[in-house]
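File shown: input22.pdb. Contents: PDB, C-alpha atoms and all ligand atoms.
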ATOM      1  CA  MET A   1       1.327  67.314  -8.117
ATOM      2  CA  PHE A   2       4.144  64.928  -7.259
ATOM      3  CA  ARG A   3       4.410  66.383  -3.692
ATOM      4  CA  LEU A   4       0.614  66.154  -3.213
ATOM      5  CA  ARG A   5       0.625  62.498  -4.208
ATOM      6  CA  GLY A   6       3.538  61.892  -1.777
ATOM      7  CA  LEU A   7       1.625  63.647   1.003
ATOM      8  CA  MET A   8      -1.488  61.558   0.358
ATOM      9  CA  SER A   9       0.401  58.308   0.341
ATOM     10  CA  SER A  10       2.180  59.171   3.622
ATOM     11  CA  ARG A  11      -1.242  60.018   5.160
ATOM     12  CA  SER A  12      -2.716  56.710   4.065
ATOM     13  CA  LEU A  13       0.398  54.967   5.407
ATOM     14  CA  LEU A  14      -0.160  56.720   8.743
ATOM     15  CA  ALA A  15      -3.846  55.702   8.795
ATOM     16  CA  GLU A  16      -2.858  52.127   7.944
ATOM     17  CA  HIS A  17      -0.276  52.190  10.726
ATOM     18  CA  GLU A  18      -2.873  53.538  13.195
ATOM     19  CA  GLU A  19      -5.339  50.854  12.130
ATOM     20  CA  GLN A  20      -2.675  48.226  12.669
ATOM     21  CA  SER A  21      -1.854  49.574  16.180
ATOM     22  CA  VAL A  22      -5.547  49.627  17.112
ATOM     23  CA  GLY A  23      -5.843  46.082  15.777
ATOM     24  CA  LEU A  24      -2.777  45.025  17.766
ATOM     25  CA  LEU A  25      -4.176  46.681  20.884
ATOM     26  CA  SER A  26      -7.509  44.896  20.605
ATOM     27  CA  VAL A  27      -5.727  41.594  19.987
ATOM     28  CA  MET A  28      -3.669  42.235  23.141
ATOM     29  CA  GLU A  29      -6.806  43.189  25.088
ATOM     30  CA  ALA A  30      -8.616  40.083  23.874
ATOM     31  CA  ARG A  31      -5.627  37.969  24.895
ATOM     32  CA  ALA A  32      -5.548  39.570  28.375
ATOM     33  CA  GLU A  33      -9.305  39.011  28.743
ATOM     34  CA  HIS A  34      -8.907  35.373  27.668
ATOM     35  CA  GLN A  35      -6.143  34.930  30.251
ATOM     36  CA  LYS A  36      -8.341  36.384  33.032
ATOM     37  CA  VAL A  37     -11.231  34.109  32.085
ATOM     38  CA  ARG A  38      -8.914  31.072  32.167
ATOM     39  CA  HIS A  39      -7.559  32.069  35.600
ATOM     40  CA  TYR A  40     -11.106  32.493  36.860
ATOM     41  CA  GLN A  41     -12.193  29.119  35.474
ATOM     42  CA  THR A  42      -9.250  27.313  37.091
ATOM     43  CA  PHE A  43      -9.845  28.954  40.464
ATOM     44  CA  TYR A  44     -13.605  28.512  40.223
ATOM     45  CA  THR A  45     -13.322  24.783  39.397
ATOM     46  CA  PHE A  46     -10.991  24.241  42.359
ATOM     47  CA  THR A  47     -13.222  26.272  44.702
ATOM     48  CA  THR A  48     -16.420  24.519  43.610
ATOM     49  CA  SER A  49     -14.765  21.096  44.031
ATOM     50  CA  ILE A  50     -13.958  22.061  47.633
ATOM     51  CA  GLY A  51     -17.595  23.182  48.047
ATOM     52  CA  ILE A  52     -18.960  19.899  46.664
ATOM     53  CA  GLY A  53     -16.475  17.984  48.853
ATOM     54  CA  LEU A  54     -17.739  19.965  51.853
ATOM     55  CA  ASN A  55     -21.370  18.954  51.237
ATOM     56  CA  ILE A  56     -20.407  15.306  50.685
ATOM     57  CA  LEU A  57     -18.450  15.350  53.964
ATOM     58  CA  VAL A  58     -21.450  16.805  55.859
ATOM     59  CA  LEU A  59     -23.697  14.117  54.361
ATOM     60  CA  PHE A  60     -21.189  11.388  55.286
ATOM     61  CA  TRP A  61     -20.950  12.730  58.861
ATOM     62  CA  ILE A  62     -24.750  12.727  59.296
ATOM     63  CA  LEU A  63     -25.355   9.329  57.695
ATOM     64  CA  HIS A  64     -22.381   7.541  59.229
ATOM     65  CA  PHE A  65     -22.126   9.073  62.707
ATOM     66  CA  ARG A  66     -25.404  10.856  63.465
ATOM     67  CA  GLY A  67     -28.042   8.256  62.494
ATOM     68  CA  GLY A  68     -29.322   9.868  59.284
ATOM     69  CA  PHE A  69     -32.483  11.906  58.737
ATOM     70  CA  ALA A  70     -36.075  11.847  60.018
ATOM     71  CA  TRP A  71     -38.838  14.389  60.630
ATOM     72  CA  GLN A  72     -40.944  15.203  63.714
ATOM     73  CA  SER A  73     -41.365  11.568  64.878
ATOM     74  CA  LYS A  74     -37.650  11.520  65.823
ATOM     75  CA  PRO A  75     -36.580  15.044  66.861
ATOM     76  CA  ALA A  76     -32.920  14.058  67.347
ATOM     77  CA  LEU A  77     -32.747  12.945  63.712
ATOM     78  CA  GLU A  78     -34.920  15.833  62.532
ATOM     79  CA  PHE A  79     -32.143  18.079  63.863
ATOM     80  CA  ASN A  80     -29.764  16.564  61.276
ATOM     81  CA  TRP A  81     -31.563  18.369  58.458
ATOM     82  CA  HIS A  82     -30.346  21.599  60.049
ATOM     83  CA  PRO A  83     -26.570  21.311  59.434
ATOM     84  CA  PHE A  84     -27.140  19.633  56.062
ATOM     85  CA  LEU A  85     -29.578  22.205  54.645
ATOM     86  CA  MET A  86     -27.847  25.222  56.170
ATOM     87  CA  THR A  87     -24.483  24.216  54.671
ATOM     88  CA  LEU A  88     -25.976  23.354  51.281
ATOM     89  CA  GLY A  89     -28.206  26.448  51.181
ATOM     90  CA  MET A  90     -26.519  29.264  53.072
ATOM     91  CA  VAL A  91     -22.905  28.329  52.355
ATOM     92  CA  PHE A  92     -22.809  26.520  48.991
ATOM     93  CA  LEU A  93     -25.808  27.681  46.923
ATOM     94  CA  TYR A  94     -25.643  31.200  48.297
ATOM     95  CA  SER A  95     -21.980  31.558  47.341
ATOM     96  CA  GLN A  96     -22.659  30.106  43.886
ATOM     97  CA  ALA A  97     -25.371  32.758  43.530
ATOM     98  CA  MET A  98     -22.815  35.420  44.471
ATOM     99  CA  LEU A  99     -20.486  34.145  41.730
ATOM    100  CA  THR A 100     -23.169  33.883  39.005
ATOM    101  CA  TYR A 101     -22.140  37.045  37.137
ATOM    102  CA  ARG A 102     -18.508  35.990  37.028
ATOM    103  CA  THR A 103     -19.078  32.342  36.190
ATOM    104  CA  GLY A 104     -21.581  33.123  33.422
ATOM    105  CA  ARG A 105     -19.858  36.253  32.145
ATOM    106  CA  LYS A 106     -20.622  35.371  28.494
ATOM    107  CA  PHE A 107     -24.384  35.293  29.046
ATOM    108  CA  GLU A 108     -26.582  38.371  28.895
ATOM    109  CA  LYS A 109     -27.340  40.105  32.177
ATOM    110  CA  LYS A 110     -31.050  39.360  32.181
ATOM    111  CA  SER A 111     -30.503  35.571  32.205
ATOM    112  CA  LEU A 112     -27.790  35.922  34.875
ATOM    113  CA  LYS A 113     -30.181  37.901  37.077
ATOM    114  CA  LEU A 114     -32.680  35.044  36.851
ATOM    115  CA  VAL A 115     -30.058  32.425  37.752
ATOM    116  CA  HIS A 116     -28.781  34.629  40.623
ATOM    117  CA  ALA A 117     -32.325  35.069  41.982
ATOM    118  CA  SER A 118     -33.215  31.359  41.571
ATOM    119  CA  LEU A 119     -30.105  30.160  43.429
ATOM    120  CA  ASN A 120     -30.808  32.652  46.228
ATOM    121  CA  CYS A 121     -34.435  31.537  46.348
ATOM    122  CA  LEU A 122     -33.317  27.894  46.672
ATOM    123  CA  ALA A 123     -30.888  28.883  49.455
ATOM    124  CA  PHE A 124     -33.727  30.748  51.192
ATOM    125  CA  ILE A 125     -36.119  27.763  51.007
ATOM    126  CA  MET A 126     -33.418  25.429  52.352
ATOM    127  CA  SER A 127     -32.627  27.724  55.255
ATOM    128  CA  VAL A 128     -36.330  28.000  56.179
ATOM    129  CA  ILE A 129     -36.641  24.173  56.277
ATOM    130  CA  GLY A 130     -33.273  23.933  58.099
ATOM    131  CA  LEU A 131     -34.470  26.385  60.755
ATOM    132  CA  LYS A 132     -37.853  24.653  61.082
ATOM    133  CA  ALA A 133     -35.947  21.397  61.744
ATOM    134  CA  VAL A 134     -33.810  22.883  64.538
ATOM    135  CA  PHE A 135     -36.704  24.769  66.213
ATOM    136  CA  ASP A 136     -38.843  21.583  66.057
ATOM    137  CA  SER A 137     -36.066  19.476  67.534
ATOM    138  CA  HIS A 138     -35.813  21.936  70.453
ATOM    139  CA  ASN A 139     -39.536  22.448  71.007
ATOM    140  CA  LEU A 140     -40.417  18.736  70.811
ATOM    141  CA  THR A 141     -37.802  17.932  73.480
ATOM    142  CA  ASN A 142     -38.521  20.983  75.677
ATOM    143  CA  ASN A 143     -35.172  22.605  75.030
ATOM    144  CA  PRO A 144     -34.932  26.408  75.161
ATOM    145  CA  ASN A 145     -34.414  28.371  71.933
ATOM    146  CA  LEU A 146     -31.961  31.062  70.913
ATOM    147  CA  TYR A 147     -29.667  31.176  73.925
ATOM    148  CA  THR A 148     -26.350  30.332  72.181
ATOM    149  CA  LEU A 149     -23.936  32.605  70.347
ATOM    150  CA  HIS A 150     -24.345  30.338  67.314
ATOM    151  CA  SER A 151     -28.105  30.853  67.221
ATOM    152  CA  TRP A 152     -27.692  34.645  67.507
ATOM    153  CA  ILE A 153     -25.177  34.812  64.653
ATOM    154  CA  GLY A 154     -27.246  32.336  62.616
ATOM    155  CA  LEU A 155     -30.589  34.072  63.044
ATOM    156  CA  SER A 156     -29.169  37.558  62.340
ATOM    157  CA  THR A 157     -27.560  36.187  59.179
ATOM    158  CA  VAL A 158     -30.818  34.633  57.967
ATOM    159  CA  ILE A 159     -32.748  37.861  58.723
ATOM    160  CA  VAL A 160     -30.239  40.029  56.815
ATOM    161  CA  PHE A 161     -30.188  37.472  53.985
ATOM    162  CA  SER A 162     -34.002  37.513  53.720
ATOM    163  CA  ALA A 163     -34.124  41.332  53.687
ATOM    164  CA  GLN A 164     -31.357  41.377  51.093
ATOM    165  CA  PHE A 165     -33.179  38.823  48.932
ATOM    166  CA  LEU A 166     -36.441  40.776  49.062
ATOM    167  CA  GLY A 167     -34.710  44.139  48.479
ATOM    168  CA  GLY A 168     -32.662  42.725  45.573
ATOM    169  CA  PHE A 169     -35.691  41.115  43.978
ATOM    170  CA  VAL A 170     -37.789  44.285  44.078
ATOM    171  CA  SER A 171     -34.960  46.614  43.014
ATOM    172  CA  PHE A 172     -33.289  44.566  40.286
ATOM    173  CA  LEU A 173     -35.796  42.001  39.037
ATOM    174  CA  TYR A 174     -39.456  42.679  39.620
ATOM    175  CA  PRO A 175     -40.874  45.288  39.310
ATOM    176  CA  GLY A 176     -37.323  46.769  39.078
ATOM    177  CA  LEU A 177     -36.629  50.314  40.253
ATOM    178  CA  SER A 178     -35.147  53.191  38.228
ATOM    179  CA  GLN A 179     -31.706  52.724  36.677
ATOM    180  CA  SER A 180     -30.170  55.515  38.810
ATOM    181  CA  PHE A 181     -31.548  53.953  41.987
ATOM    182  CA  ARG A 182     -30.239  50.505  41.009
ATOM    183  CA  LYS A 183     -26.831  51.997  40.267
ATOM    184  CA  ALA A 184     -26.754  53.683  43.684
ATOM    185  CA  ILE A 185     -27.966  50.646  45.579
ATOM    186  CA  LEU A 186     -25.685  48.061  43.891
ATOM    187  CA  PRO A 187     -22.597  48.643  46.115
ATOM    188  CA  VAL A 188     -24.824  48.312  49.211
ATOM    189  CA  HIS A 189     -26.327  45.082  47.838
ATOM    190  CA  VAL A 190     -22.820  43.700  47.171
ATOM    191  CA  ALA A 191     -21.485  44.748  50.610
ATOM    192  CA  PHE A 192     -24.443  43.237  52.490
ATOM    193  CA  GLY A 193     -24.317  40.112  50.329
ATOM    194  CA  THR A 194     -20.650  39.524  51.132
ATOM    195  CA  SER A 195     -21.153  40.241  54.848
ATOM    196  CA  CYS A 196     -24.063  37.815  54.931
ATOM    197  CA  PHE A 197     -21.848  35.095  53.454
ATOM    198  CA  ILE A 198     -19.226  35.740  56.149
ATOM    199  CA  GLY A 199     -22.033  35.525  58.733
ATOM    200  CA  ALA A 200     -23.144  32.178  57.268
ATOM    201  CA  MET A 201     -19.613  30.774  57.528
ATOM    202  CA  LEU A 202     -19.266  31.958  61.136
ATOM    203  CA  ALA A 203     -22.642  30.410  61.971
ATOM    204  CA  ALA A 204     -21.745  27.118  60.309
ATOM    205  CA  VAL A 205     -18.364  26.835  62.061
ATOM    206  CA  SER A 206     -19.746  27.816  65.485
ATOM    207  CA  GLY A 207     -22.694  25.403  65.028
ATOM    208  CA  LEU A 208     -20.329  22.555  64.196
ATOM    209  CA  LEU A 209     -18.145  23.290  67.193
ATOM    210  CA  GLU A 210     -21.008  23.347  69.686
ATOM    211  CA  LYS A 211     -22.495  20.173  68.201
ATOM    212  CA  ALA A 212     -19.108  18.392  68.459
ATOM    213  CA  ILE A 213     -18.588  19.500  72.069
ATOM    214  CA  TRP A 214     -22.126  18.545  73.146
ATOM    215  CA  SER A 215     -22.316  15.218  71.281
ATOM    216  CA  LEU A 216     -18.796  13.872  71.701
ATOM    217  CA  LYS A 217     -18.175  15.269  75.178
ATOM    218  CA  ASP A 218     -14.842  13.930  76.500
ATOM    219  CA  ASP A 219     -14.318  11.767  73.396
ATOM    220  CA  TYR A 220     -13.610  14.956  71.440
ATOM    221  CA  LYS A 221     -10.292  15.215  73.314
ATOM    222  CA  GLU A 222      -9.373  11.685  72.220
ATOM    223  CA  PHE A 223      -9.159  12.493  68.492
ATOM    224  CA  THR A 224     -12.081  10.168  67.666
ATOM    225  CA  ILE A 225     -12.815   9.745  63.957
ATOM    226  CA  GLU A 226     -16.063  11.704  64.232
ATOM    227  CA  GLY A 227     -14.238  14.588  65.905
ATOM    228  CA  VAL A 228     -11.674  14.639  63.098
ATOM    229  CA  VAL A 229     -14.451  14.539  60.456
ATOM    230  CA  VAL A 230     -16.229  17.487  62.123
ATOM    231  CA  ASN A 231     -12.960  19.439  62.288
ATOM    232  CA  LEU A 232     -12.334  18.669  58.615
ATOM    233  CA  ILE A 233     -15.797  20.014  57.716
ATOM    234  CA  GLY A 234     -14.870  23.231  59.531
ATOM    235  CA  VAL A 235     -11.567  23.475  57.639
ATOM    236  CA  PHE A 236     -13.394  22.908  54.323
ATOM    237  CA  ILE A 237     -15.871  25.692  55.194
ATOM    238  CA  ALA A 238     -13.037  28.119  55.985
ATOM    239  CA  LEU A 239     -11.061  27.208  52.849
ATOM    240  CA  TYR A 240     -14.130  27.374  50.609
ATOM    241  CA  GLY A 241     -15.132  30.715  52.140
ATOM    242  CA  ILE A 242     -11.696  32.279  51.605
ATOM    243  CA  LEU A 243     -11.600  31.121  47.968
ATOM    244  CA  VAL A 244     -15.130  32.410  47.281
ATOM    245  CA  LEU A 245     -14.296  35.796  48.810
ATOM    246  CA  TYR A 246     -11.163  35.979  46.652
ATOM    247  CA  LEU A 247     -13.183  35.222  43.496
ATOM    248  CA  VAL A 248     -15.887  37.723  44.438
ATOM    249  CA  ASN A 249     -13.498  40.569  45.297
ATOM    250  CA  HIS A 250     -10.836  40.252  42.587
ATOM    251  CA  ASP A 251     -11.319  43.031  40.012
ATOM    252  CA  ASP A 252      -9.808  40.930  37.206
ATOM    253  CA  PHE A 253     -12.704  38.489  37.460
ATOM    254  CA  LYS A 254     -15.407  41.154  37.192
ATOM    255  CA  ARG A 255     -17.791  40.663  34.284
ATOM    256  CA  THR A 256     -17.474  43.296  31.555
ATOM    257  CA  ALA A 257     -20.840  44.489  30.244
ATOM    258  CA  LEU A 258     -22.016  43.049  26.916
ATOM    259  CA  THR A 259     -23.797  45.153  24.296
ATOM    260  CA  ASP A 260     -26.985  43.156  24.951
ATOM    261  CA  ASP A 261     -26.912  44.392  28.569
ATOM    262  CA  GLN A 262     -27.140  47.997  27.375
ATOM    263  CA  ILE A 263     -30.055  47.161  25.106
ATOM    264  CA  GLY A 264     -31.650  45.459  28.099
ATOM    265  CA  LEU A 265     -31.037  48.502  30.284
ATOM    266  CA  ASP A 266     -32.397  50.904  27.704
ATOM    267  CA  ARG A 267     -35.570  48.862  27.696
ATOM    268  CA  SER A 268     -35.495  49.383  31.471
ATOM    269  CA  ASP A 269     -34.938  45.697  32.294
TER     270      ASP A 269
HETATM  271  C1  LIG B   1     -25.359  29.146  57.867
HETATM  272  C2  LIG B   1     -25.530  28.206  58.640
HETATM  273  C3  LIG B   1     -26.391  28.177  59.887
HETATM  274  C4  LIG B   1     -27.310  29.053  60.378
HETATM  275  C5  LIG B   1     -27.740  30.341  59.757
HETATM  276  C6  LIG B   1     -27.820  28.504  61.609
HETATM  277  C7  LIG B   1     -28.797  29.072  62.415
HETATM  278  C8  LIG B   1     -29.275  28.547  63.621
HETATM  279  C9  LIG B   1     -30.297  29.120  64.470
HETATM  280  C10 LIG B   1     -31.019  30.405  64.192
HETATM  281  C11 LIG B   1     -30.467  28.292  65.518
HETATM  282  C12 LIG B   1     -31.420  28.535  66.708
HETATM  283  C13 LIG B   1     -32.535  27.547  66.775
HETATM  284  C14 LIG B   1     -33.158  27.489  68.163
HETATM  285  O1  LIG B   1     -32.733  28.202  69.051
HETATM  286  O2  LIG B   1     -34.089  26.697  68.336
HETATM  287  C15 LIG B   1     -29.556  27.201  65.369
HETATM  288  C16 LIG B   1     -29.414  26.174  66.245
HETATM  289  C17 LIG B   1     -28.470  25.207  66.181
HETATM  290  N1  LIG B   1     -27.577  24.998  65.130
HETATM  291 FE1  LIG B   1     -27.393  26.137  63.520
HETATM  292  N2  LIG B   1     -27.180  27.319  61.855
HETATM  293  C18 LIG B   1     -26.303  27.086  60.805
HETATM  294  C19 LIG B   1     -25.497  26.012  60.613
HETATM  295  C20 LIG B   1     -25.302  25.033  61.542
HETATM  296  C21 LIG B   1     -24.408  23.949  61.385
HETATM  297  C22 LIG B   1     -23.515  23.660  60.152
HETATM  298  C23 LIG B   1     -24.476  23.208  62.506
HETATM  299  C24 LIG B   1     -23.685  21.969  62.744
HETATM  300  C25 LIG B   1     -24.064  20.997  63.435
HETATM  301  C26 LIG B   1     -25.433  23.837  63.390
HETATM  302  C27 LIG B   1     -25.780  23.415  64.670
HETATM  303  C28 LIG B   1     -26.766  23.939  65.463
HETATM  304  C29 LIG B   1     -27.137  23.456  66.766
HETATM  305  C30 LIG B   1     -26.453  22.330  67.541
HETATM  306  C31 LIG B   1     -28.216  24.231  67.207
HETATM  307  C32 LIG B   1     -28.977  24.070  68.519
HETATM  308  C33 LIG B   1     -28.342  24.827  69.621
HETATM  309  C34 LIG B   1     -28.406  26.306  69.458
HETATM  310  O3  LIG B   1     -29.498  26.889  69.469
HETATM  311  O4  LIG B   1     -27.345  26.864  69.254
HETATM  312  N3  LIG B   1     -25.919  24.947  62.768
HETATM  313  N4  LIG B   1     -28.831  27.381  64.196
END

I need this file expressed as structure tokens, please.
Ligand code: HEM
Amino acid sequence: MFRLRGLMSSRSLLAEHEEQSVGLLSVMEARAEHQKVRHYQTFYTFTTSIGIGLNILVLFWILHFRGGFAWQSKPALEFNWHPFLMTLGMVFLYSQAMLTYRTGRKFEKKSLKLVHASLNCLAFIMSVIGLKAVFDSHNLTNNPNLYTLHSWIGLSTVIVFSAQFLGGFVSFLYPGLSQSFRKAILPVHVAFGTSCFIGAMLAAVSGLLEKAIWSLKDDYKEFTIEGVVVNLIGVFIALYGILVLYLVNHDDFKRTALTDDQIGLDRSD
């Protein structure tokens, strides 16, 4: 009787000990998760500040050095919508769309999908207007289209981006394909999405360079203020791009699924 009681109490001690270890483990896991989220937030805030700075710099360049904006009545100024909208849409908003799931990790997946799709839709609309502006500015001044390396990289990027947007929308949002198909297609969607962002950065940098060379001509060699501003925009694009790619690719920053996501998936969201 005495031995049995001793055995029972040592078992309950063991169970208590196990419970404590599990508790300790989950506390440690929660702490590690908290740490990752804080790292992400610090990096994300820095990266987004660079991105906002980039767009402000582009706006300053256009307003201060390039005569501002107009539409078809002044094709040279209509052109200026092109760098502004392409940088805001294809570089900034597009990358923010790529980061949606990491930035809003605490929100349920369904809402994040909507934000992701809306940001991409906004980027798409901006790039359509940005392209209309550059084609108009060429056509209205009898300049040929699509003969530069920049225009080839740029147009391919926009085509892949549009296909990716349409494919993503149909597969993941509406009407939404089967769960197994979505699971299989996700890595492809991510790979194409990242490549498209790299394409957008290459297009933006090459576009800036050709604009600087054509507009400033020999003054570019003289370190004029406009030349330095254009170079700085290019450096901001490169820095922003590297930081975004780091945030997108780092496993620590990946969103862990919430229970609500599973409920959503079961309901075939
Ligand atoms: C992701 C960003 C960008 C994309 C996808 C893109 C795409 C394009 C495309 C497709 C064209 C051809 C239009 C035509 O031939 O009529 C073009 C033209 C042009 N873009 Fe961009 N662009 C981007 C950003 C920029 C930026 C930031 C600048 C900076 C000034 C710029 C400067 C130019 C210039 C000067 C042209 C006319 C000459 C040419 O056709 O290369 N682009 N762009």

Work out where the centre of an axis-aligned box around every listed atom of range 232-236 of chain A lies and how long its edges are once 5 Å is added on each side; give both in Å to one decimal as JSON.
{"center_x": -13.7, "center_y": 21.1, "center_z": 56.9, "size_x": 14.2, "size_y": 14.8, "size_z": 15.2}

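For Ala32 in chain A, the list of residues within 12 Å, based on all atoms listed in the file and with local chain neighbours fewer than 6 positions off taken out, reads A:Leu25, A:Ser26, A:Arg38, A:His39, A:Asp252, A:Phe253.
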
Site check for ligand LIG 1 (chain B): residues at most 8 Å away, only C-alpha atoms and all ligand atoms, as a ChimeraX atom specification: /A:79-80,82-84,86-87,89-91,127,130-131,134-139,143-158,199-212

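Take CA of Met126 in chain A and CA of Ala76 in chain A: the distance between them is 18.8 Å.
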
Given the PyMOL selection byres (((chain A and resi 111) around 12) and not hetatm), the residues it picks as JSON, numbers by chain: {"A": [100, 101, 104, 105, 106, 107, 108, 109, 110, 112, 113, 114, 115, 116, 117, 118, 173, 260, 261, 264, 269]}

What would the file look like if the residues just selected were written as a PDB file, in the frame of the given file with C-alpha atoms?
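Contents of the output file again-v4.pdb:
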ATOM      1  CA  THR A 100     -23.169  33.883  39.005  1.00  0.00           C
ATOM      2  CA  TYR A 101     -22.140  37.045  37.137  1.00  0.00           C
ATOM      3  CA  GLY A 104     -21.581  33.123  33.422  1.00  0.00           C
ATOM      4  CA  ARG A 105     -19.858  36.253  32.145  1.00  0.00           C
ATOM      5  CA  LYS A 106     -20.622  35.371  28.494  1.00  0.00           C
ATOM      6  CA  PHE A 107     -24.384  35.293  29.046  1.00  0.00           C
ATOM      7  CA  GLU A 108     -26.582  38.371  28.895  1.00  0.00           C
ATOM      8  CA  LYS A 109     -27.340  40.105  32.177  1.00  0.00           C
ATOM      9  CA  LYS A 110     -31.050  39.360  32.181  1.00  0.00           C
ATOM     10  CA  LEU A 112     -27.790  35.922  34.875  1.00  0.00           C
ATOM     11  CA  LYS A 113     -30.181  37.901  37.077  1.00  0.00           C
ATOM     12  CA  LEU A 114     -32.680  35.044  36.851  1.00  0.00           C
ATOM     13  CA  VAL A 115     -30.058  32.425  37.752  1.00  0.00           C
ATOM     14  CA  HIS A 116     -28.781  34.629  40.623  1.00  0.00           C
ATOM     15  CA  ALA A 117     -32.325  35.069  41.982  1.00  0.00           C
ATOM     16  CA  SER A 118     -33.215  31.359  41.571  1.00  0.00           C
ATOM     17  CA  LEU A 173     -35.796  42.001  39.037  1.00  0.00           C
ATOM     18  CA  ASP A 260     -26.985  43.156  24.951  1.00  0.00           C
ATOM     19  CA  ASP A 261     -26.912  44.392  28.569  1.00  0.00           C
ATOM     20  CA  GLY A 264     -31.650  45.459  28.099  1.00  0.00           C
ATOM     21  CA  ASP A 269     -34.938  45.697  32.294  1.00  0.00           C
TER      22      ASP A 269
END
